[in-house]
Amino acid sequence: MSQRSDLRRRRATLEDEWSRWVPQLKQPATVRRSVGRTLRPEVSESWARSLSSVDPQRDSAPALDDRSVAERWAASPLRRPLDDLSDELHSIADDAGFVTAVTDASGTILFTRGGQTMRRRAERVNFAPGGRWDEPAMGTNALSLALRTDRPSTVFSAEHLVSALHGWVCYCAPVHAPDGRVLGVLDLSTTWDRSHPLAMSTVRTLVSAIEGRLRTEVPIQRAADAVPVRLRCLGAESADRAGTPLLLRPRQLEILTLLALEPDGFTPERLREALYGDRPVTASTFKAEISHLRRALDGGIAPRRYTLTAPVTCDAVDVLRALERGDISTALRHYRGPLLPRSEAPGIVEWRAQLEVAVREAVLAGTDPGHALRYGERAPYDAEVHEHALRLLAPHDRRRPIAVGRLSTALRD
């Protein structure tokens with residue numbers, strides 16, 4: 001009884017917020033600044049975006065024709081995994097009173113399961129195959145938020161922009177292909193009074209099961225068949241594919257560099273720390289950077305534990321591999337300067353120091369004066385390196401003046 005009372009109070013509060021703010025959101029931005037003090041920011045921001053295309057008083061979702069939906073579902077990579085889980089989905093729908101829905105990447109529902117009563121309720125708002133539930137079509141809802149943010153979303157009662165949905169609560173999570181692309185979303189929906197904290201864990205479990213089946217049924221494109229991305233991050237900051245530059249922001253180059261240097265990948269928490277350290281950065285900002293990079297790589301980044309699934313060659317990795325082989329000449333050929341010299345990301349700073357130390361120590365341990373001279377070009381103020389070059393150079397070697405001049409400059413400064 002206490003839980004039902006809490007849900008009723010929460011619904012009343014949200015209805016009040018909806019009544020106060022939705023009519024004002026069409027007014028100038030000065031009026032909108034206060035929105036979000038009690039609402040979740042992603043909800044109020046979605047309201048503001050949606051009102052340009054969605055009438056809050058509409059009664060149902062717009063629809064595609066039945067033939068188009070059938071063709072999409074027949075071609076969807078999600079169809080076979082959902083068929084395998086059909087019994088489990090029926091059980092969840094019948095036992096817990098939910099409607100299950102699966103969309104494609106555009107937010108169009110392709111598949112639903114549920115008991116007769118709940119399905120009839122859902123069909124009144126076209127929560128059914130063919131219904132379009134993306135944000136421009138149906139405003140704020142769990143399906144549209146999950147597609148936009150690429151993370152699980154819950155929308156309760158009057159958090160929905162469309163008032164016909166205020167009697168519902170929806171739990172939703174994106175489903176990813178093995179290469180990281182979003183294929184669609186899985187949603188569990190029911191009436192607001194049946195809201196339950198375990199519903200989202202059920203969604204996550206089902207999504208994990210679907211993605212597990214996809215990994216066994218949909219092979220990732222073999223690296224040998226794909227055109228690799230070439231990443232230059234030593235003394236430079238660029239990436240291209242077959243000579244065509246990839247338009248990546250500095251933060252996305254940092255992510256790509258870290259993933260290239262650590263092939264075992266990162267948990268989301270560890271990658272976020274490697275990029276931002278203690279800086280307060282929203283999860284949506286972090287996810288947006290990952291999503292942009294994933295699109296630039298045509299997928300290329302696995303979800304959950306971030307690892308590269310697309311072929312990427314990287315000059316910093318080339319340096320490390322050369323040093324592992326004891327090939328100092330190749331390492332110095334690739335080492336053109338510090339790792340992403342303008343970056344202050346903690347993970348990049350750590351790798352920058354590691355690379356600098358590794359190359360320097362290999363040079364100082366070597367017996368080839370040419371290596372010391374070449375590295376000295378990159379380290380004009382490193383007196384120890386220039387002294388090492390002089391010790392290795394023969395007395396009449398024509399290159400000695402170069403090392404002497406560099407050492408003099410380093411000692412003077």
# chains A, B, ... in the order shown; residues from 1 in each chain; ligands from 1
>>> select_by_dssp(residues="region 182-375 of chain A", states="helix (DSSP H, G or I)", output="PyMOL selection string")
chain A and resi 192-194+199-217+223-225+250-261+268-276+283-296+315-325+328-334+346-365+369-375
>>> residues_around(residues="region 344-352 of chain A", least_positions_apart="5", cutoff="9 Å", atoms="only C-alpha atoms", output="count of residues only")
15
>>> residues_around(residues="region 392-409 of chain A", least_positions_apart="3", cutoff="10 Å", atoms="only C-alpha atoms", output="list in words")
Gly366, Thr367, Asp368, Pro369, Gly370, Ala372, Leu373, Gly376, Glu377, Ala379, Pro380, Tyr381, Asp382, Ala383, Glu384, Val385, His386, Glu387, His388, Ala389, Arg412 and Asp413 of chain A
>>> write_last_selection(atoms="C-alpha atoms", output="mmCIF file, in the first residue's frame")
data_model
loop_
_atom_site.group_PDB
_atom_site.id
_atom_site.type_symbol
_atom_site.label_atom_id
_atom_site.label_comp_id
_atom_site.auth_asym_id
_atom_site.auth_seq_id
_atom_site.Cartn_x
_atom_site.Cartn_y
_atom_site.Cartn_z
ATOM 1 C CA GLY A 366 71.661 1.118 -27.080
ATOM 2 C CA THR A 367 75.058 1.247 -28.764
ATOM 3 C CA ASP A 368 74.114 2.946 -32.030
ATOM 4 C CA PRO A 369 75.094 6.644 -32.061
ATOM 5 C CA GLY A 370 72.627 7.220 -34.892
ATOM 6 C CA ALA A 372 70.981 8.811 -29.949
ATOM 7 C CA LEU A 373 71.366 11.536 -32.562
ATOM 8 C CA GLY A 376 68.243 14.061 -29.744
ATOM 9 C CA GLU A 377 66.379 15.889 -32.503
ATOM 10 C CA ALA A 379 64.786 16.104 -27.134
ATOM 11 C CA PRO A 380 67.001 19.203 -27.606
ATOM 12 C CA TYR A 381 67.249 19.869 -23.852
ATOM 13 C CA ASP A 382 68.114 16.327 -22.767
ATOM 14 C CA ALA A 383 71.815 16.618 -21.927
ATOM 15 C CA GLU A 384 72.113 12.942 -20.986
ATOM 16 C CA VAL A 385 71.051 11.844 -24.460
ATOM 17 C CA HIS A 386 73.581 14.172 -26.156
ATOM 18 C CA GLU A 387 76.363 12.985 -23.820
ATOM 19 C CA HIS A 388 75.440 9.408 -24.701
ATOM 20 C CA ALA A 389 75.713 10.241 -28.417
ATOM 21 C CA ARG A 412 73.318 26.486 -21.176
ATOM 22 C CA ASP A 413 69.533 26.384 -20.765
#
>>> closest_atom_pairs(of="region 116-201 of chain A", to="region 83-98 of chain A", cutoff="10 Å", atoms="only C-alpha atoms", output="tab-separated table")
residue	atom	partner	partner_atom	distance
A:Gln116	CA	A:Asp94	CA	9.0
A:Thr117	CA	A:Gly97	CA	8.8
A:Met118	CA	A:Phe98	CA	6.9
A:Arg119	CA	A:Phe98	CA	8.7
A:Ala122	CA	A:Phe98	CA	10.0
A:Val169	CA	A:Phe98	CA	9.9
A:Cys170	CA	A:Phe98	CA	9.4
A:Asp187	CA	A:Phe98	CA	9.5
A:Leu188	CA	A:Phe98	CA	6.0
A:Ser189	CA	A:Phe98	CA	5.4
A:Thr190	CA	A:Phe98	CA	4.9
A:Thr191	CA	A:Phe98	CA	8.2
A:Arg194	CA	A:Gly97	CA	8.2
A:Ala199	CA	A:Ala96	CA	9.5
>>> atom_distance(atom1="CA of Leu259 (chain A)", atom2="CA of Leu214 (chain A)")
23.0 Å
>>> atom_distance(atom1="CA of Pro62 (chain A)", atom2="CA of Gly131 (chain A)")
5.8 Å
>>> atom_distance(atom1="CA of Val162 (chain A)", atom2="CA of Val54 (chain A)")
8.1 Å
>>> closest_residue(among="A:Arg120, A:Leu7, A:Arg325, A:Leu110", to="Ala70 (chain A)", atoms="only C-alpha atoms")
A:Leu110
>>> closest_atom_pairs(of="region 269-351 of chain A", to="region 228-233 of chain A", cutoff="9 Å", atoms="only C-alpha atoms", output="JSON lines")
{"residue": "A:Leu297", "atom": "CA", "partner": "A:Val229", "partner_atom": "CA", "distance": 8.0}
{"residue": "A:Ala310", "atom": "CA", "partner": "A:Pro228", "partner_atom": "CA", "distance": 7.2}
{"residue": "A:Pro311", "atom": "CA", "partner": "A:Pro228", "partner_atom": "CA", "distance": 4.7}
{"residue": "A:Val312", "atom": "CA", "partner": "A:Val229", "partner_atom": "CA", "distance": 4.7}
{"residue": "A:Thr313", "atom": "CA", "partner": "A:Arg230", "partner_atom": "CA", "distance": 5.0}
{"residue": "A:Cys314", "atom": "CA", "partner": "A:Leu231", "partner_atom": "CA", "distance": 4.7}
{"residue": "A:Asp315", "atom": "CA", "partner": "A:Arg232", "partner_atom": "CA", "distance": 5.6}
{"residue": "A:Ala316", "atom": "CA", "partner": "A:Cys233", "partner_atom": "CA", "distance": 6.8}
{"residue": "A:Gly337", "atom": "CA", "partner": "A:Cys233", "partner_atom": "CA", "distance": 8.7}
{"residue": "A:Pro338", "atom": "CA", "partner": "A:Cys233", "partner_atom": "CA", "distance": 8.1}
{"residue": "A:Leu339", "atom": "CA", "partner": "A:Cys233", "partner_atom": "CA", "distance": 5.5}
{"residue": "A:Leu340", "atom": "CA", "partner": "A:Cys233", "partner_atom": "CA", "distance": 5.2}
{"residue": "A:Pro341", "atom": "CA", "partner": "A:Cys233", "partner_atom": "CA", "distance": 8.3}
>>> closest_atom_pairs(of="region 187-291 of chain A", to="region 147-158 of chain A", cutoff="12 Å", atoms="only C-alpha atoms", output="Markdown table")
| residue | atom | partner | partner_atom | distance |
| --- | --- | --- | --- | --- |
| A:Asp187 | CA | A:Ser153 | CA | 9.4 |
| A:Leu188 | CA | A:Thr154 | CA | 9.7 |
| A:Ser189 | CA | A:Val155 | CA | 9.6 |
| A:Thr190 | CA | A:Phe156 | CA | 10.0 |
| A:Thr191 | CA | A:Ser157 | CA | 8.5 |
| A:Trp192 | CA | A:Ser157 | CA | 6.0 |
| A:Asp193 | CA | A:Ser157 | CA | 9.4 |
| A:Arg194 | CA | A:Phe156 | CA | 10.7 |
| A:Ser195 | CA | A:Phe156 | CA | 8.1 |
| A:His196 | CA | A:Phe156 | CA | 10.8 |
| A:Pro197 | CA | A:Thr154 | CA | 10.3 |
| A:Leu198 | CA | A:Thr154 | CA | 11.8 |
| A:Ala199 | CA | A:Thr154 | CA | 9.6 |
| A:Met200 | CA | A:Thr154 | CA | 7.8 |
| A:Ser201 | CA | A:Pro152 | CA | 10.1 |
| A:Thr202 | CA | A:Pro152 | CA | 11.6 |
| A:Val203 | CA | A:Pro152 | CA | 8.7 |
| A:Arg204 | CA | A:Pro152 | CA | 8.0 |
| A:Thr205 | CA | A:Pro152 | CA | 11.8 |
| A:Val207 | CA | A:Pro152 | CA | 10.2 |
| A:Pro268 | CA | A:Arg151 | CA | 11.8 |
| A:Thr282 | CA | A:Thr149 | CA | 11.7 |
| A:Ala283 | CA | A:Thr149 | CA | 9.2 |
| A:Ser284 | CA | A:Thr149 | CA | 6.4 |
| A:Thr285 | CA | A:Thr149 | CA | 9.3 |
| A:Phe286 | CA | A:Thr149 | CA | 10.1 |
| A:Lys287 | CA | A:Thr149 | CA | 6.9 |
| A:Ala288 | CA | A:Thr149 | CA | 7.3 |
| A:Glu289 | CA | A:Thr149 | CA | 10.9 |
| A:Ile290 | CA | A:Asp150 | CA | 9.6 |
| A:Ser291 | CA | A:Asp150 | CA | 7.7 |
>>> closest_residue(among="A:Ala61, A:Ala74, A:Leu256, A:Leu411", to="Leu308 (chain A)", atoms="only C-alpha atoms")
A:Leu256
>>> decode(residues="region 87-224 of chain A", atoms="C-alpha atoms", output="PDB file, in the first residue's frame")
ATOM      1  CA  ASP A  87       8.483 -18.113 -24.488  1.00  0.00           C
ATOM      2  CA  GLU A  88      10.326 -15.943 -21.974  1.00  0.00           C
ATOM      3  CA  LEU A  89       8.701 -12.790 -23.321  1.00  0.00           C
ATOM      4  CA  HIS A  90       5.253 -14.393 -23.141  1.00  0.00           C
ATOM      5  CA  SER A  91       5.910 -15.381 -19.531  1.00  0.00           C
ATOM      6  CA  ILE A  92       6.990 -11.876 -18.520  1.00  0.00           C
ATOM      7  CA  ALA A  93       3.993 -10.312 -20.253  1.00  0.00           C
ATOM      8  CA  ASP A  94       1.455 -12.747 -18.788  1.00  0.00           C
ATOM      9  CA  ASP A  95       2.859 -12.994 -15.247  1.00  0.00           C
ATOM     10  CA  ALA A  96       3.763  -9.351 -14.673  1.00  0.00           C
ATOM     11  CA  GLY A  97       1.200  -7.564 -16.837  1.00  0.00           C
ATOM     12  CA  PHE A  98       3.626  -5.938 -19.278  1.00  0.00           C
ATOM     13  CA  VAL A  99       3.617  -5.303 -22.996  1.00  0.00           C
ATOM     14  CA  THR A 100       6.962  -6.043 -24.645  1.00  0.00           C
ATOM     15  CA  ALA A 101       7.982  -4.131 -27.755  1.00  0.00           C
ATOM     16  CA  VAL A 102      11.014  -4.098 -30.030  1.00  0.00           C
ATOM     17  CA  THR A 103      11.805  -1.278 -32.444  1.00  0.00           C
ATOM     18  CA  ASP A 104      14.287  -0.785 -35.240  1.00  0.00           C
ATOM     19  CA  ALA A 105      16.959   1.939 -35.080  1.00  0.00           C
ATOM     20  CA  SER A 106      14.451   4.552 -36.293  1.00  0.00           C
ATOM     21  CA  GLY A 107      12.082   3.961 -33.358  1.00  0.00           C
ATOM     22  CA  THR A 108       9.402   2.125 -35.357  1.00  0.00           C
ATOM     23  CA  ILE A 109       7.879  -0.799 -33.442  1.00  0.00           C
ATOM     24  CA  LEU A 110       8.363  -4.096 -35.270  1.00  0.00           C
ATOM     25  CA  PHE A 111       7.252  -6.622 -32.660  1.00  0.00           C
ATOM     26  CA  THR A 112       5.055  -6.761 -29.546  1.00  0.00           C
ATOM     27  CA  ARG A 113       4.024  -9.388 -27.017  1.00  0.00           C
ATOM     28  CA  GLY A 114       1.535  -9.114 -24.162  1.00  0.00           C
ATOM     29  CA  GLY A 115      -1.650 -10.337 -22.593  1.00  0.00           C
ATOM     30  CA  GLN A 116      -4.901  -9.523 -24.328  1.00  0.00           C
ATOM     31  CA  THR A 117      -5.962  -6.770 -21.904  1.00  0.00           C
ATOM     32  CA  MET A 118      -2.624  -4.932 -21.939  1.00  0.00           C
ATOM     33  CA  ARG A 119      -2.266  -5.251 -25.686  1.00  0.00           C
ATOM     34  CA  ARG A 120      -5.689  -3.680 -26.221  1.00  0.00           C
ATOM     35  CA  ARG A 121      -4.681  -0.753 -24.019  1.00  0.00           C
ATOM     36  CA  ALA A 122      -1.389  -0.410 -25.887  1.00  0.00           C
ATOM     37  CA  GLU A 123      -3.065  -0.506 -29.288  1.00  0.00           C
ATOM     38  CA  ARG A 124      -5.243   2.489 -28.346  1.00  0.00           C
ATOM     39  CA  VAL A 125      -2.107   4.651 -28.498  1.00  0.00           C
ATOM     40  CA  ASN A 126      -0.644   2.594 -31.378  1.00  0.00           C
ATOM     41  CA  PHE A 127       1.985   0.985 -29.177  1.00  0.00           C
ATOM     42  CA  ALA A 128       1.942  -1.766 -31.780  1.00  0.00           C
ATOM     43  CA  PRO A 129       3.837  -2.864 -34.907  1.00  0.00           C
ATOM     44  CA  GLY A 130       4.110   0.078 -37.261  1.00  0.00           C
ATOM     45  CA  GLY A 131       3.850   2.735 -34.553  1.00  0.00           C
ATOM     46  CA  ARG A 132       6.543   5.416 -34.735  1.00  0.00           C
ATOM     47  CA  TRP A 133       7.953   6.245 -31.289  1.00  0.00           C
ATOM     48  CA  ASP A 134      10.976   8.366 -32.142  1.00  0.00           C
ATOM     49  CA  GLU A 135      11.120  11.804 -30.525  1.00  0.00           C
ATOM     50  CA  PRO A 136       9.989  13.866 -33.564  1.00  0.00           C
ATOM     51  CA  ALA A 137       6.958  11.581 -33.964  1.00  0.00           C
ATOM     52  CA  MET A 138       5.847  10.913 -30.383  1.00  0.00           C
ATOM     53  CA  GLY A 139       7.837  13.211 -28.128  1.00  0.00           C
ATOM     54  CA  THR A 140       9.335  12.197 -24.809  1.00  0.00           C
ATOM     55  CA  ASN A 141       9.090   8.477 -24.076  1.00  0.00           C
ATOM     56  CA  ALA A 142      11.466   5.735 -22.957  1.00  0.00           C
ATOM     57  CA  LEU A 143      12.027   4.410 -26.482  1.00  0.00           C
ATOM     58  CA  SER A 144      12.979   7.795 -27.916  1.00  0.00           C
ATOM     59  CA  LEU A 145      15.270   8.622 -24.970  1.00  0.00           C
ATOM     60  CA  ALA A 146      17.054   5.266 -25.199  1.00  0.00           C
ATOM     61  CA  LEU A 147      17.658   5.792 -28.920  1.00  0.00           C
ATOM     62  CA  ARG A 148      18.851   9.358 -28.423  1.00  0.00           C
ATOM     63  CA  THR A 149      21.159   8.712 -25.447  1.00  0.00           C
ATOM     64  CA  ASP A 150      22.210   5.139 -26.276  1.00  0.00           C
ATOM     65  CA  ARG A 151      21.532   4.057 -22.703  1.00  0.00           C
ATOM     66  CA  PRO A 152      18.661   2.516 -20.702  1.00  0.00           C
ATOM     67  CA  SER A 153      15.772   4.876 -19.962  1.00  0.00           C
ATOM     68  CA  THR A 154      12.652   4.895 -17.811  1.00  0.00           C
ATOM     69  CA  VAL A 155       9.745   7.308 -18.327  1.00  0.00           C
ATOM     70  CA  PHE A 156       6.971   7.412 -15.738  1.00  0.00           C
ATOM     71  CA  SER A 157       3.471   8.819 -16.150  1.00  0.00           C
ATOM     72  CA  ALA A 158       3.485  12.572 -16.881  1.00  0.00           C
ATOM     73  CA  GLU A 159       7.152  12.549 -17.829  1.00  0.00           C
ATOM     74  CA  HIS A 160       5.697  11.543 -21.206  1.00  0.00           C
ATOM     75  CA  LEU A 161       5.060  14.618 -23.322  1.00  0.00           C
ATOM     76  CA  VAL A 162       1.837  13.219 -24.824  1.00  0.00           C
ATOM     77  CA  SER A 163      -0.927  13.275 -22.217  1.00  0.00           C
ATOM     78  CA  ALA A 164      -2.494  10.047 -23.554  1.00  0.00           C
ATOM     79  CA  LEU A 165       0.578   8.238 -22.159  1.00  0.00           C
ATOM     80  CA  HIS A 166       0.344   9.576 -18.613  1.00  0.00           C
ATOM     81  CA  GLY A 167      -1.213   6.321 -17.456  1.00  0.00           C
ATOM     82  CA  TRP A 168       1.890   4.357 -18.469  1.00  0.00           C
ATOM     83  CA  VAL A 169       5.402   3.596 -17.243  1.00  0.00           C
ATOM     84  CA  CYS A 170       7.993   2.332 -19.741  1.00  0.00           C
ATOM     85  CA  TYR A 171      11.393   0.684 -19.264  1.00  0.00           C
ATOM     86  CA  CYS A 172      13.690   0.573 -22.259  1.00  0.00           C
ATOM     87  CA  ALA A 173      17.279  -0.212 -23.316  1.00  0.00           C
ATOM     88  CA  PRO A 174      19.109  -0.109 -26.671  1.00  0.00           C
ATOM     89  CA  VAL A 175      20.155  -3.337 -28.374  1.00  0.00           C
ATOM     90  CA  HIS A 176      23.577  -3.305 -30.044  1.00  0.00           C
ATOM     91  CA  ALA A 177      25.030  -5.311 -32.894  1.00  0.00           C
ATOM     92  CA  PRO A 178      28.424  -6.960 -32.290  1.00  0.00           C
ATOM     93  CA  ASP A 179      30.105  -3.988 -34.001  1.00  0.00           C
ATOM     94  CA  GLY A 180      28.436  -1.530 -31.607  1.00  0.00           C
ATOM     95  CA  ARG A 181      25.687  -0.207 -33.877  1.00  0.00           C
ATOM     96  CA  VAL A 182      22.291   0.383 -32.282  1.00  0.00           C
ATOM     97  CA  LEU A 183      19.821  -1.992 -33.938  1.00  0.00           C
ATOM     98  CA  GLY A 184      16.781  -0.852 -31.981  1.00  0.00           C
ATOM     99  CA  VAL A 185      15.401  -0.901 -28.453  1.00  0.00           C
ATOM    100  CA  LEU A 186      13.621  -3.377 -26.207  1.00  0.00           C
ATOM    101  CA  ASP A 187      10.798  -1.949 -24.107  1.00  0.00           C
ATOM    102  CA  LEU A 188       8.642  -3.231 -21.257  1.00  0.00           C
ATOM    103  CA  SER A 189       5.578  -1.073 -20.605  1.00  0.00           C
ATOM    104  CA  THR A 190       2.722  -1.275 -18.141  1.00  0.00           C
ATOM    105  CA  THR A 191       0.297   0.965 -16.249  1.00  0.00           C
ATOM    106  CA  TRP A 192       1.816   3.513 -13.874  1.00  0.00           C
ATOM    107  CA  ASP A 193       0.507   1.760 -10.743  1.00  0.00           C
ATOM    108  CA  ARG A 194       2.499  -1.388 -11.598  1.00  0.00           C
ATOM    109  CA  SER A 195       5.810   0.467 -11.691  1.00  0.00           C
ATOM    110  CA  HIS A 196       8.496  -1.723 -10.121  1.00  0.00           C
ATOM    111  CA  PRO A 197      12.244  -1.134  -9.531  1.00  0.00           C
ATOM    112  CA  LEU A 198      13.123  -4.617 -10.840  1.00  0.00           C
ATOM    113  CA  ALA A 199      11.588  -3.988 -14.261  1.00  0.00           C
ATOM    114  CA  MET A 200      14.717  -2.305 -15.599  1.00  0.00           C
ATOM    115  CA  SER A 201      16.920  -5.197 -14.490  1.00  0.00           C
ATOM    116  CA  THR A 202      14.604  -7.498 -16.460  1.00  0.00           C
ATOM    117  CA  VAL A 203      15.050  -5.314 -19.538  1.00  0.00           C
ATOM    118  CA  ARG A 204      18.831  -5.367 -19.149  1.00  0.00           C
ATOM    119  CA  THR A 205      18.835  -9.154 -18.777  1.00  0.00           C
ATOM    120  CA  LEU A 206      16.746  -9.592 -21.927  1.00  0.00           C
ATOM    121  CA  VAL A 207      18.957  -7.205 -23.894  1.00  0.00           C
ATOM    122  CA  SER A 208      22.059  -9.100 -22.759  1.00  0.00           C
ATOM    123  CA  ALA A 209      20.475 -12.349 -23.935  1.00  0.00           C
ATOM    124  CA  ILE A 210      19.612 -10.845 -27.328  1.00  0.00           C
ATOM    125  CA  GLU A 211      23.090  -9.386 -27.787  1.00  0.00           C
ATOM    126  CA  GLY A 212      24.628 -12.716 -26.793  1.00  0.00           C
ATOM    127  CA  ARG A 213      22.682 -14.462 -29.544  1.00  0.00           C
ATOM    128  CA  LEU A 214      23.666 -11.748 -32.025  1.00  0.00           C
ATOM    129  CA  ARG A 215      27.349 -12.310 -31.261  1.00  0.00           C
ATOM    130  CA  THR A 216      27.033 -15.972 -32.216  1.00  0.00           C
ATOM    131  CA  GLU A 217      24.800 -15.437 -35.257  1.00  0.00           C
ATOM    132  CA  VAL A 218      26.093 -12.221 -36.820  1.00  0.00           C
ATOM    133  CA  PRO A 219      29.866 -12.418 -37.346  1.00  0.00           C
ATOM    134  CA  ILE A 220      31.812  -9.204 -37.110  1.00  0.00           C
ATOM    135  CA  GLN A 221      33.403  -8.216 -40.409  1.00  0.00           C
ATOM    136  CA  ARG A 222      36.884  -9.716 -40.566  1.00  0.00           C
ATOM    137  CA  ALA A 223      39.668  -7.178 -40.156  1.00  0.00           C
ATOM    138  CA  ALA A 224      41.247  -8.385 -43.391  1.00  0.00           C
TER     139      ALA A 224
END
